[in-house]
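Please read the structure below before turning to the comments.
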Amino acid sequence: MQPEAFRNHAHDLVEWIANYLDQTGDYSVTPQTQPGEILAQLPALAPDQPEAFEQIFADFEKIILPGMTHWQHPSFFAYFPANASPPSLLGEMLTSALAAQCMSWLTSPAATELEQRVMEWLREAIGLPKHFEGVIQDTASTATLCALLSARERASGFSINEHGFTGQRYRVYASSEAHSSVEKAVRIAGLGSTNLVKIPVDSEFALQPQALQTAIETDRKAGYTPLCVVAAWGTTGSTALDPLAEIADICEREQLWLHVDAAYAGSGLILPELQQLAKGIERADSIVFNPHKWLLTHFDCSAYFVRDAAVLEQTFGLTPEYLKTAIDRQVNNYRDWGIQLGRRFRALKLWFVLRSYGLVELQQLLRNQINWVQELANDIDAHPDFERLAPVPLNLVCFRYKPEQIAEAELDDLNANLLASLNATGQLFMTHTRLNGVYTLRLVAGQHRTRREDVQAAWEQIQTTAQGLLANRV
Ligand SMILES: Cc1ncc(COP(=O)(O)O)c(C=O)c1O
């Protein structure tokens with residue numbers, strides 16, 4: 001592509017993007033696409049000859065766009081959001097333009113030092129003590145794997161990296177509500193899924209410390225070596241908050257690594273009132289949260305904080321001759337702080353976000369969302385035909401439709417139908433989980449484009465659709 005053509009197309013694309021962002025709410029949140037429909041429109045082989053950008057872009061609009069889920073839609077209430085604010089988008093544009101590979105200080109000094117600084121900003125913003133050091137990982141899954149590998153290496157005197165397992169029988173503990181990435185990390189770290197001990201939760205879906213203590217003691221008696229506890233601060237199902245202080249007491253007493261998985265909820269720690277609910281987090285060995293979920297920064301951007309960066313570097317550092325530099329001892333080489341060698345310049349978008357909004361505005365945004373969902377929770381509580389299924393510490397509400405004339409055994413199907421009917425409208429997108437075995441609707445209002453009216457409109461639509469389903473059954 002010639003420079004002049006690039007300039008023209010880039011200007012056109014910026015116009016397109018700005019219009020798209022203005023109109024995100026006009027799209028169907030989820031596409032009405034059948035499996036294989038997009039694939040069938042794509043040629044089986046790459047073109048031999050160059051194609052005009054106009055043609056490529058026309059196909060983007062014709063084939064790709066109709067098959068996209070619009071994660072930036074104000075009525076995206078599914079999973080957890082992947083917020084992508086305009087300043088973050090501008091940061092991503094520049095990251096793409098510079099296209100630096102930021103594995104070492106030398107390969108882009110500014111990328112390394114900006115990463116160091118924005119992680120210090122975040123550390124202060126979420127109220128962590130100064131001895132924590134941070135690094136940006138791609139995802140929480142990766143960060144949790146790093147935590148388990150670091151725990152494994154610290155416990156084995158860094159010998160498993162050298163010699164492999166020599167008979168150690170480690171155990172990892174997490175609540176029965178922990179995210180599947182914990183089990184995946186246990187597998188990849190070579191510990192084995194059966195050595196992940198799922199600790200029961202209380203009526204609020206938070207880990208029961210007494211059950212954790214008992215499990216550790218039982219394991220020790222059976223000849224296992226307890227290694228690590230992964231506490232969830234904000235479970236995926238219902239944003240339950242594990243009791244970190246009590247878990248930290250156990251970890252200190254038993255000398256276990258404490259990793260806090262705060263993938264979604266951790267961004268909320270910029271709110272002083274939520275920091276109160278996370279007492280004990282300052283005693284963790286490692287913590288992860290995703291600005292790419294709730295803190296308006298494009299995927300991927302996971303903030304990983306460690307109490308002792310030396311353990312991280314000892315676990316992951318491996319420097320072949322061709323990567324050695326004269327200043328290695330004076331700088332952070334983030335390639336040694338995680339799994340991957342090559343690294344994107346992720347700090348730039350986060351810097352843009354933190355500076356463009358400022359902490360006060362970010363706090364207000366998150367606080368508003370929490371308030372709107374609390375209002376919704378009150379409406380659900382007040383409605384005779386709906387039932388709330390979990391506490392609402394943040395901006396996710398779990399509930400189900402439960403009209404009195406419908407038997408318990410039919411409620412799962414009724415709610416699955418309700419969810420399918422709601423999502424089929426394309427006007428909103430919600431997802432489900434199971435809590436205590438019960439089919440549960442989840443509504444997360446964490447998209448930065450969501451307004452109070454969108455949450456209220458969703459609640460209206462939920463009630464109307466539910467009543468319609470009931471009327472059709474009778
Ligand atoms: C509690 C929790 N942990 C981990 C993850 C995985 O996040 P990632 O996609 O960044 O690996 C999620 C995703 O929603 C989550 O909710």
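Residues in the structure tokens are named by chain (A, B, ... in the order shown) and by number from 1 within that chain; ligands are numbered from 1 in the order shown.
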- Nearby polymer residues, ligand 1, at most 6 Å, only C-alpha atoms and all ligand atoms, as an NGL selection string: :A and (80 or 139-141 or 179 or 181 or 234-236 or 261-264)
Quick one: everything within 10 Å of His383 of chain A, counting only C-alpha atoms, minus sequence neighbours fewer than 4 positions away in the same chain. Send it as a PDB file with C-alpha atoms, in the first residue's frame.
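Writing done, so here's selection-v7.pdb:
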ATOM      1  CA  ALA A 377     -31.721  -5.608  42.697  1.00  0.00           C
ATOM      2  CA  ASN A 378     -34.269  -3.724  44.805  1.00  0.00           C
ATOM      3  CA  ASP A 379     -36.791  -3.884  41.947  1.00  0.00           C
ATOM      4  CA  GLU A 387     -36.189 -14.037  42.863  1.00  0.00           C
ATOM      5  CA  ARG A 388     -32.693 -12.723  43.505  1.00  0.00           C
ATOM      6  CA  TYR A 401     -38.140 -15.654  37.019  1.00  0.00           C
ATOM      7  CA  LYS A 402     -40.221 -17.573  39.518  1.00  0.00           C
ATOM      8  CA  PRO A 403     -43.956 -17.113  39.073  1.00  0.00           C
ATOM      9  CA  GLN A 463     -40.606  -8.409  32.853  1.00  0.00           C
TER      10      GLN A 463
END
- Message: Which residues are near Ile406 of chain A? Cut-off 12 Å, only C-alpha atoms, ignore same chain within fewer than 6 positions. Put them as a ChimeraX atom specification.
- Response: /A:385-386,412-415,469-471,473-474
Same residues, N, CA and C atoms, output as a JSON list (two decimals), in the first residue's frame:
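Written out: part31.json:
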[["chain", "number", "residue", "atom", "x", "y", "z"],
["A", 385, "ASP", "N", -42.81, -12.08, 41.32],
["A", 385, "ASP", "CA", -42.54, -13.19, 40.39],
["A", 385, "ASP", "C", -41.05, -13.35, 40.06],
["A", 386, "PHE", "N", -40.22, -12.58, 40.70],
["A", 386, "PHE", "CA", -38.78, -12.72, 40.46],
["A", 386, "PHE", "C", -38.07, -12.99, 41.78],
["A", 412, "ASP", "N", -35.94, -24.04, 35.65],
["A", 412, "ASP", "CA", -34.71, -23.95, 34.85],
["A", 412, "ASP", "C", -35.04, -23.74, 33.37],
["A", 413, "ASP", "N", -35.95, -24.56, 32.87],
["A", 413, "ASP", "CA", -36.33, -24.44, 31.45],
["A", 413, "ASP", "C", -36.98, -23.10, 31.16],
["A", 414, "LEU", "N", -37.83, -22.69, 32.06],
["A", 414, "LEU", "CA", -38.52, -21.41, 31.86],
["A", 414, "LEU", "C", -37.49, -20.27, 31.76],
["A", 415, "ASN", "N", -36.50, -20.31, 32.64],
["A", 415, "ASN", "CA", -35.51, -19.23, 32.64],
["A", 415, "ASN", "C", -34.56, -19.33, 31.44],
["A", 469, "LEU", "N", -44.00, -15.11, 28.01],
["A", 469, "LEU", "CA", -43.71, -16.55, 28.02],
["A", 469, "LEU", "C", -44.74, -17.29, 28.87],
["A", 470, "LEU", "N", -45.06, -16.69, 30.00],
["A", 470, "LEU", "CA", -46.00, -17.34, 30.91],
["A", 470, "LEU", "C", -47.39, -17.42, 30.27],
["A", 471, "ALA", "N", -47.79, -16.33, 29.62],
["A", 471, "ALA", "CA", -49.11, -16.29, 28.98],
["A", 471, "ALA", "C", -49.20, -17.37, 27.91],
["A", 473, "ARG", "N", -47.74, -20.21, 27.87],
["A", 473, "ARG", "CA", -47.76, -21.58, 28.43],
["A", 473, "ARG", "C", -49.15, -21.97, 28.86],
["A", 474, "VAL", "N", -49.95, -20.95, 29.26],
["A", 474, "VAL", "CA", -51.25, -21.27, 29.85],
["A", 474, "VAL", "C", -52.28, -21.55, 28.77]]
- Item | Selection: 7 Å around Gly317 of chain A, only C-alpha atoms, excl. self and same-chain fewer than 3 positions, as a PyMOL selection string | chain A and resi 313-314+336
List every residue of segment 128-166 of chain A that has an atom at most 9 Å from any atom of segment 285-298 of chain A, and for each one report the closest atom pair and its distance in Å to one decimal, counting only C-alpha atoms, with rows sorted by chain and then by increasing residue number, as a tab-separated table.
residue	atom	partner	partner_atom	distance
A:Phe132	CA	A:Ser286	CA	8.5
A:Thr139	CA	A:Asn290	CA	7.2
A:Ala140	CA	A:Val288	CA	6.2
A:Ala143	CA	A:Val288	CA	6.5
A:Thr144	CA	A:Val288	CA	7.4
A:Ala147	CA	A:Ser286	CA	6.6
A:Ala151	CA	A:Asp285	CA	8.9
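Counting only C-alpha atoms and comparing A:Asp26, A:Glu133, A:Glu120, A:Glu54, the residue that lies closest to His70 of chain A is A:Asp26.
Here the question is which of A:Gln330, A:Gln363, A:Ser267, A:Gln168 gets nearest to Gly223 of chain A using only C-alpha atoms, and that residue is A:Gln168.
Using only C-alpha atoms, the contacts of Leu258 of chain A at a cut-off of 6 Å, with sequence neighbours closer than 6 positions omitted, comprise Cys228, Val229, Ala284 and Asp285 of chain A.
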Residues of the last selection are to be written out with C-alpha atoms, as a compact mmCIF listing (two decimals), in the first residue's frame.
# COMPACT_ATOMS: atom_id res chain seq x y z
CA CYS A 228 -1.16 -22.30 47.09
CA VAL A 229 -4.58 -20.84 47.70
CA ALA A 284 -1.20 -11.73 49.16
CA ASP A 285 1.83 -12.99 47.26
- Item | 8 Å contact set for segment 230-233 of chain A, only C-alpha atoms, chain neighbours under 2 positions out, as a ChimeraX atom specification | /A:172-175,178,182,207,228,235,239-242,244,247,258-263,265-266,278
Save out the residues we just selected, C-alpha atoms, as a CSV table (one decimal), in the first residue's frame.
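Written output follows (selection_0.csv):
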chain,number,residue,atom,x,y,z
A,172,VAL,CA,-3.8,-26.1,45.3
A,173,TYR,CA,-7.0,-24.7,47.0
A,174,ALA,CA,-9.7,-22.6,45.5
A,175,SER,CA,-13.4,-22.3,46.1
A,178,ALA,CA,-13.4,-20.3,41.3
A,182,VAL,CA,-7.5,-21.9,37.9
A,207,LEU,CA,-15.0,-19.6,50.3
A,228,CYS,CA,-1.2,-22.3,47.1
A,235,THR,CA,-16.3,-14.8,41.3
A,239,THR,CA,-19.0,-11.6,42.1
A,240,ALA,CA,-18.8,-13.2,45.5
A,241,LEU,CA,-15.9,-11.9,47.6
A,242,ASP,CA,-13.8,-14.5,49.3
A,244,LEU,CA,-9.2,-12.4,52.1
A,247,ILE,CA,-7.5,-16.7,54.0
A,258,LEU,CA,-1.8,-16.6,48.3
A,259,HIS,CA,-2.9,-15.6,44.8
A,260,VAL,CA,-5.9,-13.3,44.5
A,261,ASP,CA,-7.9,-13.6,41.3
A,262,ALA,CA,-9.8,-10.3,41.1
A,263,ALA,CA,-10.0,-10.5,37.3
A,265,ALA,CA,-13.8,-6.9,40.5
A,266,GLY,CA,-10.3,-5.7,41.1
A,278,ALA,CA,-10.8,-6.4,50.4
- Message: Can you tell me which residues surround Asp381 of chain A at a distance of at most 12 Å, considering only C-alpha atoms, apart from same-chain residues fewer than 6 positions away, and format the answer as a PyMOL selection string?
- Response: chain A and resi 374-375+387-392+397-402
Closest contacts (segment 16-120 of chain A/segment 6-12 of chain A, max 9 Å, only C-alpha atoms) as JSON lines:
{"residue": "A:Trp16", "atom": "CA", "partner": "A:Asp12", "partner_atom": "CA", "distance": 6.2}
{"residue": "A:Ile17", "atom": "CA", "partner": "A:Asp12", "partner_atom": "CA", "distance": 8.7}
{"residue": "A:Phe53", "atom": "CA", "partner": "A:His9", "partner_atom": "CA", "distance": 7.9}
{"residue": "A:Glu54", "atom": "CA", "partner": "A:His9", "partner_atom": "CA", "distance": 8.6}
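Taking atom CA of Leu256 of chain A and atom CA of Glu177 of chain A as endpoints, the distance between them is 20.2 Å.
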